[in-house]
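Notes for the one structure printed next.
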Amino acid sequence: MRLLTCVALAVALVAGLAADAIAQQPAQKPPQRGIVNITGQLYRAQNDNHYTVFLVTPEGIIMSDPINRDFSRWLKAEFATRFKVPVRYVLYTHKDWDHASGGVVWADTAEFVGHRNMLTLLAPPAGNPPLTADAVKMDANRNGLVERAEASGGVAERFALFDYNGDQVVSGAELARGSVSDVYPPGTVYTDRHTVTLGGKRVTMTYLGTAHSEDSSVLHFPDERAVFSADILQIKRLPGGLAPNVGAWIDALTTINALDFEHALTGHALAGTKRDAADALRYLEDISRGVAAGIGAGRSLAEIQKSLTLDAYKGFERWDTSREGHIAAIYATLRGSRPGAATGTR
Ligand SMILES: [Zn+2]
């Protein structure tokens, strides 16, 4: 009995080590990390393809997204060596797990601020929505839930981040909420605009409406003439998608472009200038006008996708992969009941 227990433990231990090794394989290559000065005491920090920003003042640091715990721990050590002041504010761009996770690392010294919709989106959704189509494929025993052993892909990789109540199954509601269990909720929320001040510096958060997520904020650093936005503002890079509609995206980028800035800082890929931010808005206006003109001329979606090449944006990342999808989305919106939402006339 005793021997059997030992053997069982040894097997479990080896299996556990093997599972750990497998889980760690993708992370064997250390993440690309770094800190770049933008201007004055404003910096942009990188974790692979994700970026955040922070502003150092004599009384402490105001930072944006924590990205994840591991990155935040690294950043905290960098702050301790380089600046020797604590983080006083964490200002969230939005609730998505890949930007907003890991805030607990800063909870000892910081106040967390987000748009008020962030709290609603982090809460478990009411009711019990059905599994998504992808999750239905995972649900081998067809009990309407995804057990840990059934999970695959992102649900398997981030199972604990989906499993809000820790019951080892993921429900439709938990899937709808997203893998946000490691997002430290904001203790301070705002509705339209919110300014924090520290050490003689200001940062203003402005609500961006419903583009991409319903809780997005743009951060404005007026003294540094800089803005920071994750996922909505992109530099020489098309948006991944235009949910919920292109009108919401035009509204959000109009709000960003109305701010006084020179440095356009993003949560992914390149940073740029005011001119680049204006280009991001102009792309949405050009593609909306092009689709509207195509529909007006009686062209089919396929014909518009072929002819509306938007060559001015050919050098942009994702031009080849996203343009046709954007045309299809705008086409659907324009053919629907709310044409004003897609023409940018709002
Ligand atoms: Zn993102």
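Ordered as shown in the structure tokens, chains take letters A, B, and onward, while each chain numbers its residues from 1 and ligands are numbered from 1 in the order shown.
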
Near ligand 1, 7 Å: chain A residue rows, closest pairs, only C-alpha atoms and all ligand atoms, as a tab-separated table:
residue	atom	partner	partner_atom_place_in_ligand_line	distance
A:Asp98	CA	ligand 1	1 (Zn)	6.5
A:His99	CA	ligand 1	1 (Zn)	6.4
A:Ala230	CA	ligand 1	1 (Zn)	5.9
A:Asp231	CA	ligand 1	1 (Zn)	4.8
A:Gly267	CA	ligand 1	1 (Zn)	6.3
A:His268	CA	ligand 1	1 (Zn)	6.5

**Item:** Close residues, stretch 259-261 of chain A itself excluded, 10 Å, only C-alpha atoms, min 6 positions apart in chain, as a ChimeraX atom specification
**Value:** /A:206,218-227,273-274,277

Deliver the residues from the most recent selection as a file, using N, CA, C and O atoms, as a compact mmCIF listing (two decimals), in the first residue's frame.
# COMPACT_ATOMS: atom_id res chain seq x y z
N THR A 206 -10.13 59.57 -21.42
CA THR A 206 -11.36 59.92 -22.11
C THR A 206 -11.99 58.66 -22.67
O THR A 206 -11.29 57.82 -23.26
N VAL A 218 -8.79 56.45 -23.87
CA VAL A 218 -7.52 56.95 -24.38
C VAL A 218 -6.89 57.77 -23.26
O VAL A 218 -7.57 58.50 -22.55
N LEU A 219 -5.59 57.58 -23.06
CA LEU A 219 -4.86 58.36 -22.06
C LEU A 219 -4.20 59.54 -22.76
O LEU A 219 -3.58 59.35 -23.82
N HIS A 220 -4.33 60.71 -22.17
CA HIS A 220 -3.71 61.91 -22.74
C HIS A 220 -2.76 62.51 -21.72
O HIS A 220 -3.14 62.73 -20.57
N PHE A 221 -1.52 62.72 -22.16
CA PHE A 221 -0.48 63.34 -21.33
C PHE A 221 -0.27 64.75 -21.89
O PHE A 221 0.51 64.91 -22.84
N PRO A 222 -0.99 65.76 -21.36
CA PRO A 222 -0.98 67.07 -22.01
C PRO A 222 0.40 67.73 -22.02
O PRO A 222 0.78 68.33 -23.03
N ASP A 223 1.16 67.62 -20.93
CA ASP A 223 2.48 68.27 -20.89
C ASP A 223 3.45 67.60 -21.87
O ASP A 223 4.33 68.25 -22.43
N GLU A 224 3.30 66.29 -22.04
CA GLU A 224 4.20 65.54 -22.93
C GLU A 224 3.67 65.50 -24.36
O GLU A 224 4.34 65.02 -25.26
N ARG A 225 2.45 66.02 -24.53
CA ARG A 225 1.75 66.00 -25.84
C ARG A 225 1.76 64.58 -26.43
O ARG A 225 2.22 64.34 -27.54
N ALA A 226 1.23 63.65 -25.62
CA ALA A 226 1.21 62.25 -26.04
C ALA A 226 -0.15 61.63 -25.73
O ALA A 226 -0.85 62.06 -24.80
N VAL A 227 -0.53 60.65 -26.54
CA VAL A 227 -1.72 59.83 -26.24
C VAL A 227 -1.30 58.37 -26.23
O VAL A 227 -0.34 57.97 -26.89
N THR A 273 3.07 59.36 -34.88
CA THR A 273 2.84 60.78 -34.67
C THR A 273 1.36 61.10 -34.85
O THR A 273 0.56 60.24 -35.22
N LYS A 274 1.04 62.37 -34.64
CA LYS A 274 -0.33 62.84 -34.86
C LYS A 274 -0.78 62.53 -36.29
O LYS A 274 -1.92 62.17 -36.54
N ALA A 277 -1.92 59.06 -36.60
CA ALA A 277 -3.24 58.88 -35.98
C ALA A 277 -4.33 59.39 -36.92
O ALA A 277 -5.40 58.79 -37.04

**Message:** Could you list, as a ChimeraX atom specification, every residue within 12 Å of A:Leu253, counting only C-alpha atoms and ignoring same-chain residues fewer than 4 positions away?
**Reply:** /A:206-212,216-218,227,229-235,239,246-249,257-259,264,274,276-285,344

**Message:** For A:Gly34, find every residue with an atom within 12 Å (counting only C-alpha atoms), except residues of its own chain fewer than 2 positions away, and show them as a list of chain:residue names.
**Reply:**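 Using only C-alpha atoms, the neighbours found are A:Pro31, A:Gln32, A:Val36, A:Asn37, A:Tyr43, A:Arg44, A:Ala45, A:Gln46, A:Asn47, A:Asp48, A:Asn49, A:His50, A:Tyr51, A:Thr52, A:Val53, A:Phe71, A:Trp74, A:Leu75, A:Glu78.
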
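Nearest residue to A:His194 among A:Pro124, A:Ala107, A:Leu131, A:Tyr92 is A:Tyr92, counting only C-alpha atoms.
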
**Message:** When you look at A:Ala126 with a cut-off of 12 Å (counting only C-alpha atoms), what residues show up, excluding the ones that are within fewer than 5 positions of it in the same chain? I need them as a PyMOL selection string.
**Reply:** chain A and resi 120-121+171-174+176-177

Could you write out the selected residues, including N, CA, C and O atoms, as a short mmCIF file (atom, residue, chain, number, x, y, z; two decimals), in the first residue's frame?
data_model
loop_
_atom_site.label_atom_id
_atom_site.label_comp_id
_atom_site.auth_asym_id
_atom_site.auth_seq_id
_atom_site.Cartn_x
_atom_site.Cartn_y
_atom_site.Cartn_z
N THR A 120 -18.60 46.23 -15.22
CA THR A 120 -19.70 45.41 -15.74
C THR A 120 -19.15 44.25 -16.57
O THR A 120 -19.61 43.11 -16.46
N LEU A 121 -18.15 44.56 -17.38
CA LEU A 121 -17.60 43.54 -18.27
C LEU A 121 -16.79 42.49 -17.52
O LEU A 121 -16.68 41.35 -17.95
N SER A 171 -18.34 27.63 -18.23
CA SER A 171 -19.71 27.72 -18.73
C SER A 171 -19.78 28.73 -19.88
O SER A 171 -18.82 29.45 -20.15
N GLY A 172 -20.96 28.78 -20.51
CA GLY A 172 -21.17 29.78 -21.56
C GLY A 172 -20.98 31.18 -21.03
O GLY A 172 -20.42 32.05 -21.70
N ALA A 173 -21.43 31.40 -19.79
CA ALA A 173 -21.28 32.73 -19.18
C ALA A 173 -19.80 33.06 -18.98
O ALA A 173 -19.36 34.18 -19.22
N GLU A 174 -19.03 32.09 -18.53
CA GLU A 174 -17.61 32.34 -18.30
C GLU A 174 -16.86 32.57 -19.62
O GLU A 174 -15.93 33.38 -19.68
N ALA A 176 -18.30 33.91 -22.28
CA ALA A 176 -18.73 35.23 -22.75
C ALA A 176 -17.98 36.34 -22.01
O ALA A 176 -17.64 37.37 -22.59
N ARG A 177 -17.67 36.11 -20.76
CA ARG A 177 -16.96 37.11 -19.96
C ARG A 177 -15.51 37.25 -20.42
O ARG A 177 -14.95 38.34 -20.41
#

**Prompt:** Which residues come within 12 Å of stretch 286-294 of chain A, counting only C-alpha atoms, excluding same-chain residues fewer than 3 positions away, as a VMD selection string?
**Reply:** chain A and resid 238 242 245 to 247 249 to 250 279 to 283 297 to 313 319 322 to 335 339 to 345

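Distance check against A:Lys236 using only C-alpha atoms: of A:Gly166, A:Pro86, A:Gly315, A:Gly154, the minimum falls on A:Gly315.
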
**Item:** For A:Arg193, the nearest of the candidates A:Thr255, A:Ala140, A:Val169, A:Val90, counting only C-alpha atoms
**Value:**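 Smallest distance to A:Arg193 is found for A:Thr255.
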
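Listed by chain and then by rising number, the residues of stretch 200-288 of chain A that DSSP assigns to strand (DSSP E or B) from the backbone are Lys201, Arg202, Val203, Thr204, Met205, Thr206, Tyr207, Ser217, Val218, Leu219, His220, Phe221, Ala226, Val227, Phe228, Ser229, Arg237, His263, Ala264, Leu265, Thr266, Gly272 and Thr273 of chain A.
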
Could the residues in this selection be written to a file with N, CA and C atoms, as a PDB file, in the first residue's frame?
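Contents of selection_17.pdb, freshly written:
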ATOM      1  N   LYS A 201       2.063  66.623 -12.376  1.00  0.00           N
ATOM      2  CA  LYS A 201       1.738  66.136 -13.729  1.00  0.00           C
ATOM      3  C   LYS A 201       0.273  65.727 -13.805  1.00  0.00           C
ATOM      4  N   ARG A 202      -0.260  65.744 -15.017  1.00  0.00           N
ATOM      5  CA  ARG A 202      -1.650  65.344 -15.236  1.00  0.00           C
ATOM      6  C   ARG A 202      -1.723  64.258 -16.304  1.00  0.00           C
ATOM      7  N   VAL A 203      -2.689  63.371 -16.128  1.00  0.00           N
ATOM      8  CA  VAL A 203      -3.053  62.434 -17.195  1.00  0.00           C
ATOM      9  C   VAL A 203      -4.578  62.394 -17.239  1.00  0.00           C
ATOM     10  N   THR A 204      -5.127  62.552 -18.442  1.00  0.00           N
ATOM     11  CA  THR A 204      -6.581  62.531 -18.582  1.00  0.00           C
ATOM     12  C   THR A 204      -6.998  61.287 -19.362  1.00  0.00           C
ATOM     13  N   MET A 205      -8.017  60.618 -18.827  1.00  0.00           N
ATOM     14  CA  MET A 205      -8.609  59.472 -19.523  1.00  0.00           C
ATOM     15  C   MET A 205      -9.918  59.933 -20.157  1.00  0.00           C
ATOM     16  N   THR A 206     -10.125  59.570 -21.421  1.00  0.00           N
ATOM     17  CA  THR A 206     -11.362  59.921 -22.110  1.00  0.00           C
ATOM     18  C   THR A 206     -11.985  58.656 -22.667  1.00  0.00           C
ATOM     19  N   TYR A 207     -13.283  58.529 -22.461  1.00  0.00           N
ATOM     20  CA  TYR A 207     -14.018  57.350 -22.917  1.00  0.00           C
ATOM     21  C   TYR A 207     -14.109  57.338 -24.444  1.00  0.00           C
ATOM     22  N   SER A 217     -10.555  53.483 -22.971  1.00  0.00           N
ATOM     23  CA  SER A 217     -10.125  54.841 -22.640  1.00  0.00           C
ATOM     24  C   SER A 217      -8.899  55.179 -23.467  1.00  0.00           C
ATOM     25  N   VAL A 218      -8.787  56.447 -23.866  1.00  0.00           N
ATOM     26  CA  VAL A 218      -7.516  56.949 -24.385  1.00  0.00           C
ATOM     27  C   VAL A 218      -6.889  57.765 -23.259  1.00  0.00           C
ATOM     28  N   LEU A 219      -5.587  57.577 -23.059  1.00  0.00           N
ATOM     29  CA  LEU A 219      -4.860  58.358 -22.056  1.00  0.00           C
ATOM     30  C   LEU A 219      -4.205  59.540 -22.756  1.00  0.00           C
ATOM     31  N   HIS A 220      -4.330  60.713 -22.173  1.00  0.00           N
ATOM     32  CA  HIS A 220      -3.711  61.914 -22.740  1.00  0.00           C
ATOM     33  C   HIS A 220      -2.757  62.511 -21.722  1.00  0.00           C
ATOM     34  N   PHE A 221      -1.521  62.717 -22.155  1.00  0.00           N
ATOM     35  CA  PHE A 221      -0.485  63.344 -21.334  1.00  0.00           C
ATOM     36  C   PHE A 221      -0.270  64.747 -21.893  1.00  0.00           C
ATOM     37  N   ALA A 226       1.234  63.651 -25.620  1.00  0.00           N
ATOM     38  CA  ALA A 226       1.210  62.248 -26.037  1.00  0.00           C
ATOM     39  C   ALA A 226      -0.153  61.631 -25.734  1.00  0.00           C
ATOM     40  N   VAL A 227      -0.532  60.649 -26.543  1.00  0.00           N
ATOM     41  CA  VAL A 227      -1.718  59.833 -26.238  1.00  0.00           C
ATOM     42  C   VAL A 227      -1.301  58.371 -26.227  1.00  0.00           C
ATOM     43  N   PHE A 228      -2.058  57.570 -25.468  1.00  0.00           N
ATOM     44  CA  PHE A 228      -1.860  56.120 -25.463  1.00  0.00           C
ATOM     45  C   PHE A 228      -3.212  55.440 -25.585  1.00  0.00           C
ATOM     46  N   SER A 229      -3.323  54.536 -26.547  1.00  0.00           N
ATOM     47  CA  SER A 229      -4.543  53.755 -26.738  1.00  0.00           C
ATOM     48  C   SER A 229      -4.155  52.358 -27.189  1.00  0.00           C
ATOM     49  N   ARG A 237      -1.097  50.320 -39.381  1.00  0.00           N
ATOM     50  CA  ARG A 237      -1.589  48.964 -39.133  1.00  0.00           C
ATOM     51  C   ARG A 237      -3.109  49.053 -39.087  1.00  0.00           C
ATOM     52  N   HIS A 263       2.912  62.710 -29.959  1.00  0.00           N
ATOM     53  CA  HIS A 263       3.325  61.310 -29.854  1.00  0.00           C
ATOM     54  C   HIS A 263       2.093  60.412 -29.785  1.00  0.00           C
ATOM     55  N   ALA A 264       1.952  59.518 -30.760  1.00  0.00           N
ATOM     56  CA  ALA A 264       0.823  58.581 -30.806  1.00  0.00           C
ATOM     57  C   ALA A 264       1.343  57.213 -30.371  1.00  0.00           C
ATOM     58  N   LEU A 265       1.012  56.828 -29.134  1.00  0.00           N
ATOM     59  CA  LEU A 265       1.560  55.597 -28.546  1.00  0.00           C
ATOM     60  C   LEU A 265       0.474  54.526 -28.512  1.00  0.00           C
ATOM     61  N   THR A 266       0.853  53.310 -28.849  1.00  0.00           N
ATOM     62  CA  THR A 266      -0.120  52.239 -29.054  1.00  0.00           C
ATOM     63  C   THR A 266       0.202  51.020 -28.195  1.00  0.00           C
ATOM     64  N   GLY A 272       3.832  56.244 -33.275  1.00  0.00           N
ATOM     65  CA  GLY A 272       3.954  57.204 -34.372  1.00  0.00           C
ATOM     66  C   GLY A 272       3.634  58.615 -33.936  1.00  0.00           C
ATOM     67  N   THR A 273       3.075  59.359 -34.877  1.00  0.00           N
ATOM     68  CA  THR A 273       2.837  60.784 -34.669  1.00  0.00           C
ATOM     69  C   THR A 273       1.358  61.096 -34.852  1.00  0.00           C
TER      70      THR A 273
END

May I have a table of the residues of stretch 152-201 of chain A lying at most 12 Å from stretch 108-112 of chain A, giving each one's closest pair of atoms and their distance in Å to one decimal, counting only C-alpha atoms, ordered by chain and ascending residue number, as a tab-separated table?
residue	atom	partner	partner_atom	distance
A:Val183	CA	A:Phe112	CA	10.8
A:Tyr184	CA	A:Phe112	CA	8.1
A:Pro185	CA	A:Phe112	CA	7.3
A:Pro186	CA	A:Phe112	CA	4.5
A:Gly187	CA	A:Phe112	CA	5.5
A:Thr188	CA	A:Phe112	CA	6.1
A:Val189	CA	A:Phe112	CA	8.4
A:Tyr190	CA	A:Phe112	CA	11.3
A:Val196	CA	A:Glu111	CA	10.2
A:Leu198	CA	A:Glu111	CA	11.8

Using only all heavy atoms, please write the residues we just selected to a file, as a PDB file, in the first residue's frame.
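Below you can see out.pdb, which holds the result:
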ATOM      1  N   VAL A 183      -7.506  40.006 -13.992  1.00  0.00           N
ATOM      2  CA  VAL A 183      -7.591  41.463 -14.122  1.00  0.00           C
ATOM      3  C   VAL A 183      -8.005  42.035 -12.769  1.00  0.00           C
ATOM      4  O   VAL A 183      -9.068  41.695 -12.244  1.00  0.00           O
ATOM      5  CB  VAL A 183      -8.602  41.873 -15.213  1.00  0.00           C
ATOM      6  CG1 VAL A 183      -8.732  43.392 -15.267  1.00  0.00           C
ATOM      7  CG2 VAL A 183      -8.175  41.310 -16.569  1.00  0.00           C
ATOM      8  N   TYR A 184      -7.148  42.866 -12.206  1.00  0.00           N
ATOM      9  CA  TYR A 184      -7.429  43.477 -10.909  1.00  0.00           C
ATOM     10  C   TYR A 184      -8.434  44.599 -11.153  1.00  0.00           C
ATOM     11  O   TYR A 184      -8.165  45.535 -11.894  1.00  0.00           O
ATOM     12  CB  TYR A 184      -6.128  44.033 -10.327  1.00  0.00           C
ATOM     13  CG  TYR A 184      -6.199  44.388  -8.878  1.00  0.00           C
ATOM     14  CD1 TYR A 184      -5.956  43.430  -7.897  1.00  0.00           C
ATOM     15  CD2 TYR A 184      -6.510  45.685  -8.483  1.00  0.00           C
ATOM     16  CE1 TYR A 184      -6.024  43.753  -6.560  1.00  0.00           C
ATOM     17  CE2 TYR A 184      -6.572  46.026  -7.145  1.00  0.00           C
ATOM     18  CZ  TYR A 184      -6.328  45.056  -6.192  1.00  0.00           C
ATOM     19  OH  TYR A 184      -6.398  45.376  -4.862  1.00  0.00           O
ATOM     20  N   PRO A 185      -9.632  44.519 -10.542  1.00  0.00           N
ATOM     21  CA  PRO A 185     -10.683  45.471 -10.916  1.00  0.00           C
ATOM     22  C   PRO A 185     -10.347  46.897 -10.497  1.00  0.00           C
ATOM     23  O   PRO A 185      -9.731  47.114  -9.451  1.00  0.00           O
ATOM     24  CB  PRO A 185     -11.924  44.969 -10.158  1.00  0.00           C
ATOM     25  CG  PRO A 185     -11.522  43.753  -9.425  1.00  0.00           C
ATOM     26  CD  PRO A 185     -10.040  43.578  -9.514  1.00  0.00           C
ATOM     27  N   PRO A 186     -10.741  47.882 -11.302  1.00  0.00           N
ATOM     28  CA  PRO A 186     -10.488  49.273 -10.938  1.00  0.00           C
ATOM     29  C   PRO A 186     -11.287  49.672  -9.703  1.00  0.00           C
ATOM     30  O   PRO A 186     -12.480  49.397  -9.627  1.00  0.00           O
ATOM     31  CB  PRO A 186     -10.947  50.064 -12.173  1.00  0.00           C
ATOM     32  CG  PRO A 186     -11.907  49.164 -12.882  1.00  0.00           C
ATOM     33  CD  PRO A 186     -11.464  47.755 -12.580  1.00  0.00           C
ATOM     34  N   GLY A 187     -10.627  50.315  -8.744  1.00  0.00           N
ATOM     35  CA  GLY A 187     -11.318  50.815  -7.562  1.00  0.00           C
ATOM     36  C   GLY A 187     -11.962  52.162  -7.831  1.00  0.00           C
ATOM     37  O   GLY A 187     -12.845  52.604  -7.102  1.00  0.00           O
ATOM     38  N   THR A 188     -11.510  52.832  -8.881  1.00  0.00           N
ATOM     39  CA  THR A 188     -12.072  54.119  -9.288  1.00  0.00           C
ATOM     40  C   THR A 188     -12.556  53.982 -10.723  1.00  0.00           C
ATOM     41  O   THR A 188     -11.802  53.498 -11.578  1.00  0.00           O
ATOM     42  CB  THR A 188     -10.993  55.221  -9.226  1.00  0.00           C
ATOM     43  OG1 THR A 188     -10.469  55.268  -7.895  1.00  0.00           O
ATOM     44  CG2 THR A 188     -11.560  56.585  -9.598  1.00  0.00           C
ATOM     45  N   VAL A 189     -13.794  54.369 -10.970  1.00  0.00           N
ATOM     46  CA  VAL A 189     -14.298  54.331 -12.338  1.00  0.00           C
ATOM     47  C   VAL A 189     -14.839  55.704 -12.714  1.00  0.00           C
ATOM     48  O   VAL A 189     -15.160  56.516 -11.843  1.00  0.00           O
ATOM     49  CB  VAL A 189     -15.390  53.249 -12.536  1.00  0.00           C
ATOM     50  CG1 VAL A 189     -14.807  51.853 -12.350  1.00  0.00           C
ATOM     51  CG2 VAL A 189     -16.570  53.471 -11.609  1.00  0.00           C
ATOM     52  N   TYR A 190     -14.915  55.950 -14.011  1.00  0.00           N
ATOM     53  CA  TYR A 190     -15.402  57.251 -14.490  1.00  0.00           C
ATOM     54  C   TYR A 190     -16.355  57.021 -15.655  1.00  0.00           C
ATOM     55  O   TYR A 190     -16.441  55.901 -16.178  1.00  0.00           O
ATOM     56  CB  TYR A 190     -14.215  58.143 -14.893  1.00  0.00           C
ATOM     57  CG  TYR A 190     -13.636  57.779 -16.237  1.00  0.00           C
ATOM     58  CD1 TYR A 190     -14.019  58.474 -17.389  1.00  0.00           C
ATOM     59  CD2 TYR A 190     -12.755  56.712 -16.379  1.00  0.00           C
ATOM     60  CE1 TYR A 190     -13.510  58.131 -18.635  1.00  0.00           C
ATOM     61  CE2 TYR A 190     -12.251  56.361 -17.617  1.00  0.00           C
ATOM     62  CZ  TYR A 190     -12.631  57.077 -18.745  1.00  0.00           C
ATOM     63  OH  TYR A 190     -12.144  56.730 -19.982  1.00  0.00           O
ATOM     64  N   VAL A 196      -6.166  62.410 -13.475  1.00  0.00           N
ATOM     65  CA  VAL A 196      -5.390  62.172 -12.255  1.00  0.00           C
ATOM     66  C   VAL A 196      -4.210  63.137 -12.257  1.00  0.00           C
ATOM     67  O   VAL A 196      -3.656  63.461 -13.313  1.00  0.00           O
ATOM     68  CB  VAL A 196      -4.895  60.706 -12.130  1.00  0.00           C
ATOM     69  CG1 VAL A 196      -6.048  59.731 -12.158  1.00  0.00           C
ATOM     70  CG2 VAL A 196      -3.883  60.360 -13.203  1.00  0.00           C
ATOM     71  N   LEU A 198      -0.485  64.065 -10.180  1.00  0.00           N
ATOM     72  CA  LEU A 198       0.536  63.533  -9.274  1.00  0.00           C
ATOM     73  C   LEU A 198       1.857  64.238  -9.566  1.00  0.00           C
ATOM     74  O   LEU A 198       2.262  64.337 -10.737  1.00  0.00           O
ATOM     75  CB  LEU A 198       0.698  62.019  -9.503  1.00  0.00           C
ATOM     76  CG  LEU A 198       1.688  61.289  -8.579  1.00  0.00           C
ATOM     77  CD1 LEU A 198       1.135  61.186  -7.158  1.00  0.00           C
ATOM     78  CD2 LEU A 198       2.000  59.893  -9.126  1.00  0.00           C
TER      79      LEU A 198
END

**Request:** Between atom CA of A:Asn68 and atom CA of A:Asp167, measure the distance and give it in Å to one decimal.
**Result:**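 Calculated distance between atom CA of A:Asn68 and atom CA of A:Asp167 is 23.1 Å.
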
**Separation of atom CA of A:Arg158 from atom CA of A:Asn141 in Å** =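 Atom-to-atom, atom CA of A:Asn141 to atom CA of A:Arg158, that is 20.9 Å.
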